[in-house]
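Dropping upload02.txt in here (compact mmCIF, C-alpha atoms and all ligand atoms):
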```txt
# COMPACT_ATOMS: atom_id res chain seq x y z
CA MET A 1 0.44 9.50 22.91
CA THR A 2 3.26 10.76 25.09
CA GLY A 3 5.72 8.88 27.29
CA LYS A 4 8.05 6.07 26.33
CA GLY A 5 7.49 2.39 26.93
CA ASN A 6 3.88 2.46 28.10
CA ASN A 7 1.36 0.09 26.56
CA SER A 8 -0.28 2.51 24.18
CA SER A 9 3.03 3.80 22.80
CA SER A 10 4.39 0.27 22.28
CA ARG A 11 1.11 -0.65 20.52
CA LEU A 12 1.47 2.35 18.25
CA LYS A 13 5.08 1.43 17.50
CA SER A 14 3.98 -2.08 16.58
CA ARG A 15 1.34 -0.62 14.25
CA PHE A 16 3.93 1.57 12.47
CA ARG A 17 6.06 -1.54 11.93
CA GLY A 18 2.98 -3.60 11.08
CA ALA A 19 1.96 -1.30 8.23
CA LEU A 20 5.35 -1.49 6.51
CA ILE A 21 6.20 -5.12 7.15
CA GLY A 22 2.56 -6.12 6.53
CA SER A 23 2.77 -4.50 3.13
CA ALA A 24 6.02 -6.34 2.32
CA VAL A 25 4.56 -9.68 3.44
CA GLY A 26 1.39 -9.16 1.34
CA ASP A 27 3.59 -8.28 -1.64
CA ALA A 28 5.79 -11.38 -1.20
CA LEU A 29 2.79 -13.69 -0.71
CA GLY A 30 1.11 -12.47 -3.90
CA ALA A 31 4.25 -12.10 -6.02
CA PRO A 32 4.52 -15.63 -7.46
CA VAL A 33 0.90 -15.54 -8.68
CA GLU A 34 0.66 -11.98 -10.03
CA GLY A 35 -1.47 -12.06 -13.18
CA CYS A 36 -2.99 -15.48 -12.38
CA THR A 37 -6.70 -16.26 -12.24
CA MET A 38 -8.48 -17.05 -8.99
CA GLU A 39 -8.44 -20.76 -9.92
CA GLU A 40 -4.71 -20.71 -10.72
CA VAL A 41 -3.96 -19.02 -7.37
CA SER A 42 -5.96 -21.68 -5.57
CA SER A 43 -4.12 -24.54 -7.25
CA PHE A 44 -0.71 -22.86 -6.72
CA PHE A 45 -1.18 -22.60 -2.95
CA GLY A 46 -3.30 -25.75 -2.55
CA GLY A 47 -4.71 -24.49 0.75
CA ARG A 48 -1.23 -23.94 2.26
CA TRP A 49 -0.70 -20.17 2.28
CA GLU A 50 3.07 -20.12 2.56
CA LEU A 51 5.44 -17.42 1.38
CA LYS A 52 6.77 -19.47 -1.53
CA SER A 53 9.03 -16.67 -2.73
CA ALA A 54 10.70 -14.67 0.00
CA HIS A 55 11.31 -11.82 -2.42
CA TYR A 56 9.34 -8.64 -2.41
CA THR A 57 8.72 -6.72 -5.65
CA ASP A 58 8.53 -3.11 -6.89
CA ASP A 59 5.71 -2.40 -4.42
CA THR A 60 8.02 -2.77 -1.43
CA GLU A 61 11.13 -1.38 -3.12
CA MET A 62 9.24 1.87 -3.81
CA MET A 63 7.63 1.92 -0.34
CA ILE A 64 11.15 1.71 1.12
CA GLY A 65 12.07 4.81 -0.95
CA VAL A 66 9.05 6.73 0.39
CA ALA A 67 9.97 5.85 3.98
CA GLU A 68 13.67 6.63 3.53
CA SER A 69 12.89 10.05 2.10
CA LEU A 70 10.39 10.99 4.84
CA ILE A 71 12.91 9.93 7.48
CA GLU A 72 15.94 11.64 5.97
CA ARG A 73 14.10 14.88 5.07
CA ARG A 74 11.88 14.83 8.20
CA GLY A 75 8.85 15.21 5.96
CA PHE A 76 7.91 15.33 2.28
CA ASP A 77 10.46 16.47 -0.30
CA ALA A 78 9.48 15.48 -3.86
CA ALA A 79 12.91 15.90 -5.45
CA ASP A 80 14.54 13.77 -2.76
CA MET A 81 11.84 11.09 -3.03
CA ALA A 82 12.35 10.91 -6.80
CA CYS A 83 16.11 10.42 -6.17
CA LYS A 84 15.38 7.60 -3.72
CA PHE A 85 13.17 5.85 -6.31
CA LEU A 86 15.96 6.08 -8.88
CA ARG A 87 18.71 4.99 -6.49
CA ASN A 88 16.71 1.97 -5.27
CA TYR A 89 15.46 0.80 -8.71
CA HIS A 90 16.07 -2.83 -9.70
CA ALA A 91 14.36 -3.92 -12.91
CA TRP A 92 14.10 -7.53 -11.70
CA ARG A 93 11.55 -6.44 -9.07
CA HIS A 94 9.05 -6.12 -11.96
CA TYR A 95 8.06 -2.48 -12.25
CA GLY A 96 5.02 -1.38 -14.24
CA PRO A 97 5.86 -0.09 -17.76
CA GLY A 98 4.66 3.48 -17.06
CA THR A 99 6.76 3.78 -13.90
CA ARG A 100 9.76 2.32 -15.72
CA ALA A 101 9.39 4.93 -18.45
CA VAL A 102 9.14 7.76 -15.89
CA LEU A 103 12.25 6.53 -14.05
CA GLU A 104 14.15 6.45 -17.33
CA ARG A 105 13.11 10.06 -18.00
CA LEU A 106 14.26 11.07 -14.50
CA LYS A 107 17.55 9.27 -15.05
CA ALA A 108 18.00 11.21 -18.30
CA GLY A 109 17.70 14.44 -16.31
CA GLU A 110 14.05 15.40 -16.80
CA SER A 111 12.51 17.18 -13.81
CA TRP A 112 10.23 15.29 -11.41
CA GLU A 113 7.45 17.80 -12.13
CA GLU A 114 7.48 16.96 -15.87
CA ALA A 115 8.53 13.33 -16.26
CA SER A 116 5.26 11.64 -15.20
CA THR A 117 3.13 13.86 -17.42
CA LYS A 118 4.68 12.45 -20.60
CA VAL A 119 3.58 8.81 -20.34
CA PHE A 120 0.40 7.27 -21.77
CA ASN A 121 0.22 9.87 -24.53
CA GLY A 122 0.44 12.71 -22.06
CA GLU A 123 -2.49 11.41 -19.98
CA GLY A 124 -0.27 10.22 -17.14
CA SER A 125 -0.66 6.90 -15.36
CA TYR A 126 -3.68 5.82 -13.33
CA GLY A 127 -1.91 2.57 -12.38
CA ASN A 128 -1.74 1.49 -8.74
CA GLY A 129 2.02 2.13 -8.54
CA ALA A 130 1.57 5.26 -6.42
CA ALA A 131 -0.98 3.65 -4.07
CA MET A 132 1.05 0.48 -3.52
CA ARG A 133 3.99 2.43 -1.99
CA ILE A 134 2.10 5.11 -0.05
CA ALA A 135 1.80 3.50 3.43
CA PRO A 136 4.64 5.56 5.03
CA ILE A 137 2.75 8.77 4.14
CA GLY A 138 -0.36 7.36 5.83
CA LEU A 139 1.73 6.82 8.97
CA PHE A 140 3.63 10.09 8.91
CA TYR A 141 0.53 12.28 8.46
CA TYR A 142 -1.99 10.04 10.25
CA ASP A 143 -3.13 12.84 12.57
CA ASP A 144 -3.53 15.49 9.85
CA PRO A 145 -5.87 14.29 7.05
CA ASP A 146 -5.69 17.56 5.05
CA THR A 147 -1.90 17.38 4.79
CA LEU A 148 -2.00 13.62 4.26
CA TRP A 149 -4.29 14.01 1.25
CA GLU A 150 -2.21 16.83 -0.24
CA VAL A 151 1.12 15.05 0.28
CA ALA A 152 -0.26 11.75 -1.11
CA TYR A 153 -1.22 13.61 -4.30
CA LYS A 154 2.21 15.26 -4.56
CA ALA A 155 4.13 12.04 -3.84
CA SER A 156 2.07 10.24 -6.49
CA HIS A 157 2.81 12.89 -9.09
CA ILE A 158 6.46 11.83 -9.22
CA THR A 159 5.37 8.81 -11.31
CA HIS A 160 1.56 9.01 -11.64
CA SER A 161 0.12 12.31 -12.87
CA HIS A 162 -3.39 11.04 -13.72
CA VAL A 163 -5.92 12.21 -11.12
CA LEU A 164 -7.26 8.66 -10.67
CA GLY A 165 -3.76 7.40 -9.81
CA LYS A 166 -3.34 10.21 -7.27
CA GLU A 167 -6.80 9.87 -5.73
CA GLY A 168 -6.28 6.10 -5.37
CA ALA A 169 -3.01 6.72 -3.52
CA ALA A 170 -4.63 9.31 -1.24
CA ILE A 171 -7.47 6.88 -0.43
CA GLN A 172 -4.96 4.12 0.38
CA ALA A 173 -2.85 6.49 2.55
CA TYR A 174 -5.93 7.66 4.45
CA SER A 175 -7.08 4.05 4.96
CA VAL A 176 -3.69 3.25 6.54
CA ALA A 177 -3.99 6.36 8.77
CA LEU A 178 -7.52 5.45 9.86
CA ALA A 179 -6.44 1.87 10.59
CA LEU A 180 -3.51 3.18 12.65
CA ARG A 181 -6.00 5.25 14.64
CA GLY A 182 -8.02 2.06 15.30
CA GLU A 183 -10.87 3.22 13.05
CA ARG A 184 -12.67 0.35 11.41
CA GLY A 185 -16.47 0.75 11.62
CA GLY A 186 -16.29 4.38 10.49
CA MET A 187 -13.64 3.90 7.80
CA LEU A 188 -16.00 4.12 4.82
CA THR A 189 -17.72 7.21 6.25
CA TYR A 190 -14.40 9.00 6.77
CA LEU A 191 -13.29 8.04 3.26
CA GLY A 192 -16.62 9.15 1.80
CA ALA A 193 -16.18 12.59 3.31
CA ARG A 194 -12.94 13.11 1.35
CA ILE A 195 -13.27 11.25 -1.95
CA LYS A 196 -13.97 13.60 -4.84
CA GLU A 197 -13.65 11.40 -7.91
CA GLU A 198 -16.90 9.77 -9.10
CA ARG A 199 -15.08 6.56 -10.07
CA TYR A 200 -14.09 6.02 -6.43
CA ARG A 201 -17.41 7.19 -4.99
CA ASP A 202 -19.09 4.43 -7.03
CA LYS A 203 -16.60 1.89 -5.72
CA LEU A 204 -17.20 3.00 -2.13
CA ALA A 205 -20.93 2.40 -2.60
CA LYS A 206 -20.13 -1.07 -3.97
CA ILE A 207 -17.94 -1.90 -0.96
CA GLU A 208 -20.91 -0.98 1.25
CA GLN A 209 -23.21 -3.21 -0.78
CA PHE A 210 -20.85 -6.18 -0.50
CA MET A 211 -20.34 -5.57 3.23
CA GLY A 212 -24.11 -5.68 3.71
CA MET A 213 -24.60 -8.98 1.85
CA ASP A 214 -25.52 -12.06 3.81
CA ALA A 215 -23.43 -14.44 1.68
CA ASP A 216 -20.22 -16.43 1.98
CA PRO A 217 -17.39 -14.17 0.74
CA GLY A 218 -15.28 -17.28 0.10
CA ALA A 219 -17.71 -18.76 -2.41
CA ASN A 220 -16.44 -18.68 -5.99
CA SER A 221 -19.61 -17.00 -7.25
CA TYR A 222 -19.23 -14.25 -4.63
CA LYS A 223 -15.57 -13.72 -5.50
CA LYS A 224 -16.39 -13.52 -9.20
CA ALA A 225 -19.04 -10.85 -8.52
CA LEU A 226 -16.58 -8.96 -6.31
CA ILE A 227 -13.90 -9.03 -9.01
CA GLU A 228 -16.47 -7.85 -11.56
CA GLU A 229 -17.59 -4.91 -9.40
CA LEU A 230 -14.49 -3.86 -7.42
CA GLY A 231 -11.78 -5.23 -9.73
CA ASN A 232 -8.47 -7.01 -9.27
CA GLY A 233 -6.34 -5.25 -11.88
CA GLU A 234 -3.45 -2.79 -12.12
CA ALA A 235 -5.53 0.39 -12.35
CA ALA A 236 -5.71 2.11 -8.96
CA PHE A 237 -9.53 2.22 -9.10
CA ASN A 238 -9.60 -1.56 -9.72
CA SER A 239 -7.39 -2.49 -6.78
CA VAL A 240 -7.42 0.08 -3.93
CA PRO A 241 -11.15 -0.49 -3.19
CA THR A 242 -10.56 -4.27 -3.27
CA ALA A 243 -7.80 -3.93 -0.65
CA ILE A 244 -10.06 -1.84 1.61
CA TYR A 245 -12.83 -4.42 1.27
CA SER A 246 -10.42 -7.28 2.04
CA PHE A 247 -9.37 -5.51 5.26
CA LEU A 248 -12.92 -4.65 6.36
CA ARG A 249 -14.53 -8.02 5.58
CA PHE A 250 -12.27 -10.15 7.82
CA TYR A 251 -11.01 -9.99 11.39
CA SER A 252 -7.37 -11.03 11.25
CA PHE A 253 -4.29 -9.96 9.32
CA SER A 254 -3.87 -13.34 7.64
CA ASP A 255 -7.54 -13.82 6.66
CA SER A 256 -7.60 -10.40 4.99
CA VAL A 257 -4.31 -10.80 3.11
CA ILE A 258 -5.05 -14.38 2.03
CA TYR A 259 -8.44 -13.24 0.72
CA ALA A 260 -6.87 -10.37 -1.23
CA VAL A 261 -4.35 -12.71 -2.88
CA SER A 262 -6.95 -15.44 -3.50
CA LEU A 263 -8.85 -13.13 -5.87
CA GLY A 264 -6.08 -13.38 -8.47
CA GLY A 265 -5.07 -10.56 -10.83
CA ASP A 266 -2.71 -8.00 -9.32
CA THR A 267 -2.10 -10.23 -6.31
CA ASP A 268 1.17 -8.79 -5.03
CA THR A 269 -0.18 -5.25 -5.06
CA ILE A 270 -3.64 -5.93 -3.64
CA GLY A 271 -1.87 -8.15 -1.08
CA ALA A 272 0.57 -5.32 -0.25
CA MET A 273 -2.16 -2.68 0.15
CA THR A 274 -4.35 -4.99 2.25
CA GLY A 275 -1.28 -5.89 4.32
CA ALA A 276 -0.47 -2.23 4.93
CA ILE A 277 -3.99 -1.38 6.18
CA SER A 278 -4.28 -4.59 8.22
CA GLY A 279 -0.77 -4.25 9.66
CA ALA A 280 -1.51 -0.68 10.74
CA TYR A 281 -4.68 -1.89 12.45
CA TYR A 282 -3.49 -5.10 14.15
CA GLY A 283 0.25 -4.42 14.62
CA GLU A 284 3.25 -6.55 13.75
CA GLU A 285 2.40 -9.26 16.32
CA ALA A 286 -0.66 -10.22 14.29
CA ILE A 287 1.43 -11.17 11.25
CA PRO A 288 2.04 -14.93 11.14
CA PRO A 289 5.62 -15.50 12.39
CA GLU A 290 6.28 -18.04 9.63
CA TRP A 291 5.57 -15.32 7.04
CA LEU A 292 7.91 -12.91 8.83
CA ARG A 293 10.64 -15.55 9.02
CA ALA A 294 10.28 -16.38 5.34
CA LEU A 295 10.43 -12.76 4.16
CA GLU A 296 13.56 -11.66 2.31
CA GLY A 297 16.46 -10.80 4.63
CA GLY A 298 19.73 -9.03 3.91
CA MET A 299 20.64 -5.36 3.92
CA ARG A 300 17.25 -4.19 2.65
CA GLY A 301 15.07 -7.02 3.88
CA ARG A 302 12.80 -7.67 6.86
CA ARG A 303 14.96 -6.09 9.58
CA TYR A 304 15.58 -2.97 7.52
CA ILE A 305 11.85 -2.51 6.84
CA GLU A 306 11.13 -2.91 10.57
CA TRP A 307 13.80 -0.32 11.30
CA LEU A 308 12.17 2.11 8.85
CA GLY A 309 8.88 1.65 10.74
CA ASP A 310 10.68 2.32 14.04
CA GLU A 311 12.33 5.44 12.64
CA LEU A 312 9.04 6.84 11.31
CA TYR A 313 7.54 6.19 14.74
CA ARG A 314 10.48 7.81 16.52
CA ILE A 315 10.40 10.94 14.38
CA LYS A 316 6.63 11.28 14.31
CA ILE A 317 5.61 10.24 17.82
CA ILE A 318 8.60 10.45 20.17
CA HIS A 319 10.20 13.53 18.63
CA ASP A 320 6.86 15.39 18.24
CA SER A 321 5.99 14.84 21.89
CA TYR A 322 9.06 16.65 23.25
N1 LIG B 1 4.78 -4.79 -13.36
C1 LIG B 1 4.11 -5.51 -12.66
N2 LIG B 1 3.79 -6.77 -13.01
C2 LIG B 1 4.21 -7.37 -14.21
C3 LIG B 1 3.10 -7.18 -15.18
C4 LIG B 1 3.55 -7.69 -16.47
C5 LIG B 1 2.84 -6.96 -17.57
N3 LIG B 1 1.49 -7.45 -17.67
C6 LIG B 1 3.66 -7.14 -18.81
O1 LIG B 1 3.53 -8.20 -19.43
O2 LIG B 1 4.43 -6.21 -19.11
N4 LIG B 1 3.68 -5.17 -11.45
C7 LIG B 1 3.87 -3.89 -10.91
O3 LIG B 1 3.19 -2.94 -11.73
C8 LIG B 1 1.96 -2.52 -11.10
C9 LIG B 1 2.09 -1.06 -10.78
O4 LIG B 1 2.13 -0.44 -12.00
P1 LIG B 1 2.44 1.13 -12.12
O5 LIG B 1 3.68 1.41 -11.40
O6 LIG B 1 1.25 1.89 -11.79
O7 LIG B 1 2.75 1.16 -13.67
P2 LIG B 1 1.97 1.80 -14.89
O8 LIG B 1 2.50 1.14 -16.11
O9 LIG B 1 2.06 3.26 -14.80
O10 LIG B 1 0.40 1.40 -14.70
C10 LIG B 1 -0.01 0.05 -14.69
C11 LIG B 1 -0.92 -0.27 -15.88
O11 LIG B 1 -2.14 0.46 -15.81
C12 LIG B 1 -2.59 0.79 -17.12
N5 LIG B 1 -2.65 2.26 -17.26
C13 LIG B 1 -2.22 3.19 -16.36
N6 LIG B 1 -2.47 4.43 -16.81
C14 LIG B 1 -3.07 4.31 -18.00
C15 LIG B 1 -3.57 5.25 -18.95
N7 LIG B 1 -3.52 6.57 -18.76
N8 LIG B 1 -4.13 4.76 -20.09
C16 LIG B 1 -4.20 3.41 -20.29
N9 LIG B 1 -3.75 2.47 -19.42
C17 LIG B 1 -3.19 2.92 -18.30
C18 LIG B 1 -1.56 0.20 -18.06
O12 LIG B 1 -1.97 -1.09 -18.45
C19 LIG B 1 -0.32 0.17 -17.20
O13 LIG B 1 0.66 -0.72 -17.64
C20 LIG B 1 1.82 -3.31 -9.85
O14 LIG B 1 1.02 -4.44 -10.11
C21 LIG B 1 3.23 -3.73 -9.54
O15 LIG B 1 3.26 -4.93 -8.81
MG MG B 2 4.86 -5.70 -7.73
MG MG B 3 1.39 -5.93 -8.78
```
Can the structure from this file be put into structure tokens for me?
Ligand code: F2R
Ligand code: MG
Ligand code: MG
Amino acid sequence: MTGKGNNSSSRLKSRFRGALIGSAVGDALGAPVEGCTMEEVSSFFGGRWELKSAHYTDDTEMMIGVAESLIERRGFDAADMACKFLRNYHAWRHYGPGTRAVLERLKAGESWEEASTKVFNGEGSYGNGAAMRIAPIGLFYYDDPDTLWEVAYKASHITHSHVLGKEGAAIQAYSVALALRGERGGMLTYLGARIKEERYRDKLAKIEQFMGMDADPGANSYKKALIEELGNGEAAFNSVPTAIYSFLRFYSFSDSVIYAVSLGGDTDTIGAMTGAISGAYYGEEAIPPEWLRALEGGMRGRRYIEWLGDELYRIKIIHDSY
């Protein structure tokens, strides 16, 4: 992992970029059909899986905040990350209602420790809003799973204080880290060794069952069973496992992300999480160039997201090795 410009370091750099830009591309592909059924998604795309809206949504806007904070603070700083979320917030990117309420509380001066604990009648959110943005933490702590898990929980708490929201984000971050390390066959075993919550342990067993089935994953009946068992909704436990399955079941970035979006439901978010894991595994080169070209540009668009990936790589890999 040391030395500049050799093949393995340029591969790793591409995987850092791939995780972030892959997440943004998955988000933008799924965005126009968020909330649609599987059948509606199919008729919207009509077999041509183009980025019909270049715009990314809250998933990517918040992921940018996570990356910016890690880069600026050279590691995790909850108060700073909360500030980045507030500074970056644009309502038109379609935030979840719980996250919106937490951001309003932060804006009103409530502390980041308290704000997230007040929503959903004091239960806190188990939505996938913490998991969808967590990829930079998977990259930054990829070589230290204990710290990764702890930081993923803390970073989630800023908006999602329910344990199932935090555990979902930790599972997604660890999946990105394992993919970055080139771990595919052993991914479920590594995850199984860390997952504590029963809800996710059940889902892991279901992923294994579906992986072992000798059936066409593209068949409508198969997809319906998958949606029934793994889920395609906004709860973290109904979307993070589906993203992991979509990565594991296919062997290219585009096949995995298209499959994730084709299931309908929370398409931008399941697309973003699948894109982050797949991008970390295959690298930026594996992302279809027409999707990269179509992605939102401007000050905080494609080039900026790539730069964030490069900065995380520089701080984590280049800086650490000297
Ligand atoms: N906001 C959207 N999409 C627009 C959806 C429109 C919506 N149906 C509407 O008509 O208003 N997408 C973005 O939001 C998702 C991430 O959400 P996040 O940030 O986790 O928000 P929230 O509100 O905290 O959680 C999402 C939903 O999960 C359910 N939920 C969570 N915790 C709960 C609890 N303790 N008890 C009961 N329900 C809980 C709620 O339905 C939340 O609204 C992503 O899809 C992103 O793209
Ligand atoms: Mg979204
Ligand atoms: Mg969504």
Fill in: Selection within 12 Å of ligand MG 2 (chain B) by all atoms listed in the file, output as a PyMOL selection string
chain A and resi 23-35+55-63+90-97+99+127-133+233-234+265-273
Worksheet item: In Å, how far is it from atom C4 of ligand LIG 1 (chain B) to atom CA of Ile287 of chain A?
Response: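 Atom CA of Ile287 of chain A lies 28.0 Å from atom C4 of ligand LIG 1 (chain B).
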Worksheet item: So which residues touch segment 107-117 of chain A within 7 Å, counting all atoms listed in the file, skipping near sequence neighbours fewer than 4 positions away, as a VMD selection string?
Response: chain A and resid 79 82 102 to 103 122 to 124 157 to 161
Item to complete: For each of A:Asn238, A:Ser252, A:Asn88, A:Ser221, take the minimum atom-to-atom distance to ligand MG 3 (chain B), counting only C-alpha atoms and all ligand atoms, then give the residue where this is smallest.
Response: A:Asn238
Item to complete: Measuring atom to atom with only C-alpha atoms and all ligand atoms, identify which of A:Ser8, A:Ala235, A:Lys84, A:Met213 is nearest to ligand MG 3 (chain B).
Response: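 Of all the options, A:Ala235 lies closest to ligand MG 3 (chain B).
You can rank A:Gly264, A:Tyr245, A:Leu139, A:Val66 by their closest distance to Lys13 of chain A using all atoms listed in the file, and at the top of that list sits A:Leu139.
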Generate the missing atoms of segment 137-148 of chain A up to N, CA and C atoms and report them as a PDB file, keeping the file's coordinate frame.
```
ATOM      1  N   ILE A 137       3.393   7.443   4.073  1.00  0.00           N
ATOM      2  CA  ILE A 137       2.750   8.770   4.140  1.00  0.00           C
ATOM      3  C   ILE A 137       1.491   8.694   5.009  1.00  0.00           C
ATOM      4  N   GLY A 138       0.781   7.572   4.935  1.00  0.00           N
ATOM      5  CA  GLY A 138      -0.360   7.360   5.830  1.00  0.00           C
ATOM      6  C   GLY A 138       0.051   7.389   7.285  1.00  0.00           C
ATOM      7  N   LEU A 139       1.238   6.842   7.581  1.00  0.00           N
ATOM      8  CA  LEU A 139       1.730   6.820   8.970  1.00  0.00           C
ATOM      9  C   LEU A 139       2.196   8.213   9.397  1.00  0.00           C
ATOM     10  N   PHE A 140       2.972   8.829   8.537  1.00  0.00           N
ATOM     11  CA  PHE A 140       3.630  10.090   8.910  1.00  0.00           C
ATOM     12  C   PHE A 140       2.618  11.230   9.120  1.00  0.00           C
ATOM     13  N   TYR A 141       1.523  11.199   8.365  1.00  0.00           N
ATOM     14  CA  TYR A 141       0.530  12.280   8.460  1.00  0.00           C
ATOM     15  C   TYR A 141      -0.808  11.765   9.007  1.00  0.00           C
ATOM     16  N   TYR A 142      -0.752  10.714   9.816  1.00  0.00           N
ATOM     17  CA  TYR A 142      -1.990  10.040  10.250  1.00  0.00           C
ATOM     18  C   TYR A 142      -2.906  10.961  11.055  1.00  0.00           C
ATOM     19  N   ASP A 143      -2.346  11.967  11.699  1.00  0.00           N
ATOM     20  CA  ASP A 143      -3.130  12.840  12.570  1.00  0.00           C
ATOM     21  C   ASP A 143      -3.515  14.160  11.879  1.00  0.00           C
ATOM     22  N   ASP A 144      -3.272  14.249  10.577  1.00  0.00           N
ATOM     23  CA  ASP A 144      -3.530  15.490   9.850  1.00  0.00           C
ATOM     24  C   ASP A 144      -4.042  15.142   8.435  1.00  0.00           C
ATOM     25  N   PRO A 145      -5.339  14.793   8.329  1.00  0.00           N
ATOM     26  CA  PRO A 145      -5.870  14.290   7.050  1.00  0.00           C
ATOM     27  C   PRO A 145      -5.742  15.279   5.886  1.00  0.00           C
ATOM     28  N   ASP A 146      -5.824  16.585   6.156  1.00  0.00           N
ATOM     29  CA  ASP A 146      -5.690  17.560   5.050  1.00  0.00           C
ATOM     30  C   ASP A 146      -4.303  17.458   4.420  1.00  0.00           C
ATOM     31  N   THR A 147      -3.281  17.475   5.296  1.00  0.00           N
ATOM     32  CA  THR A 147      -1.900  17.380   4.790  1.00  0.00           C
ATOM     33  C   THR A 147      -1.650  16.016   4.167  1.00  0.00           C
ATOM     34  N   LEU A 148      -2.170  14.980   4.807  1.00  0.00           N
ATOM     35  CA  LEU A 148      -2.000  13.620   4.260  1.00  0.00           C
ATOM     36  C   LEU A 148      -2.489  13.559   2.819  1.00  0.00           C
TER      37      LEU A 148
END
```
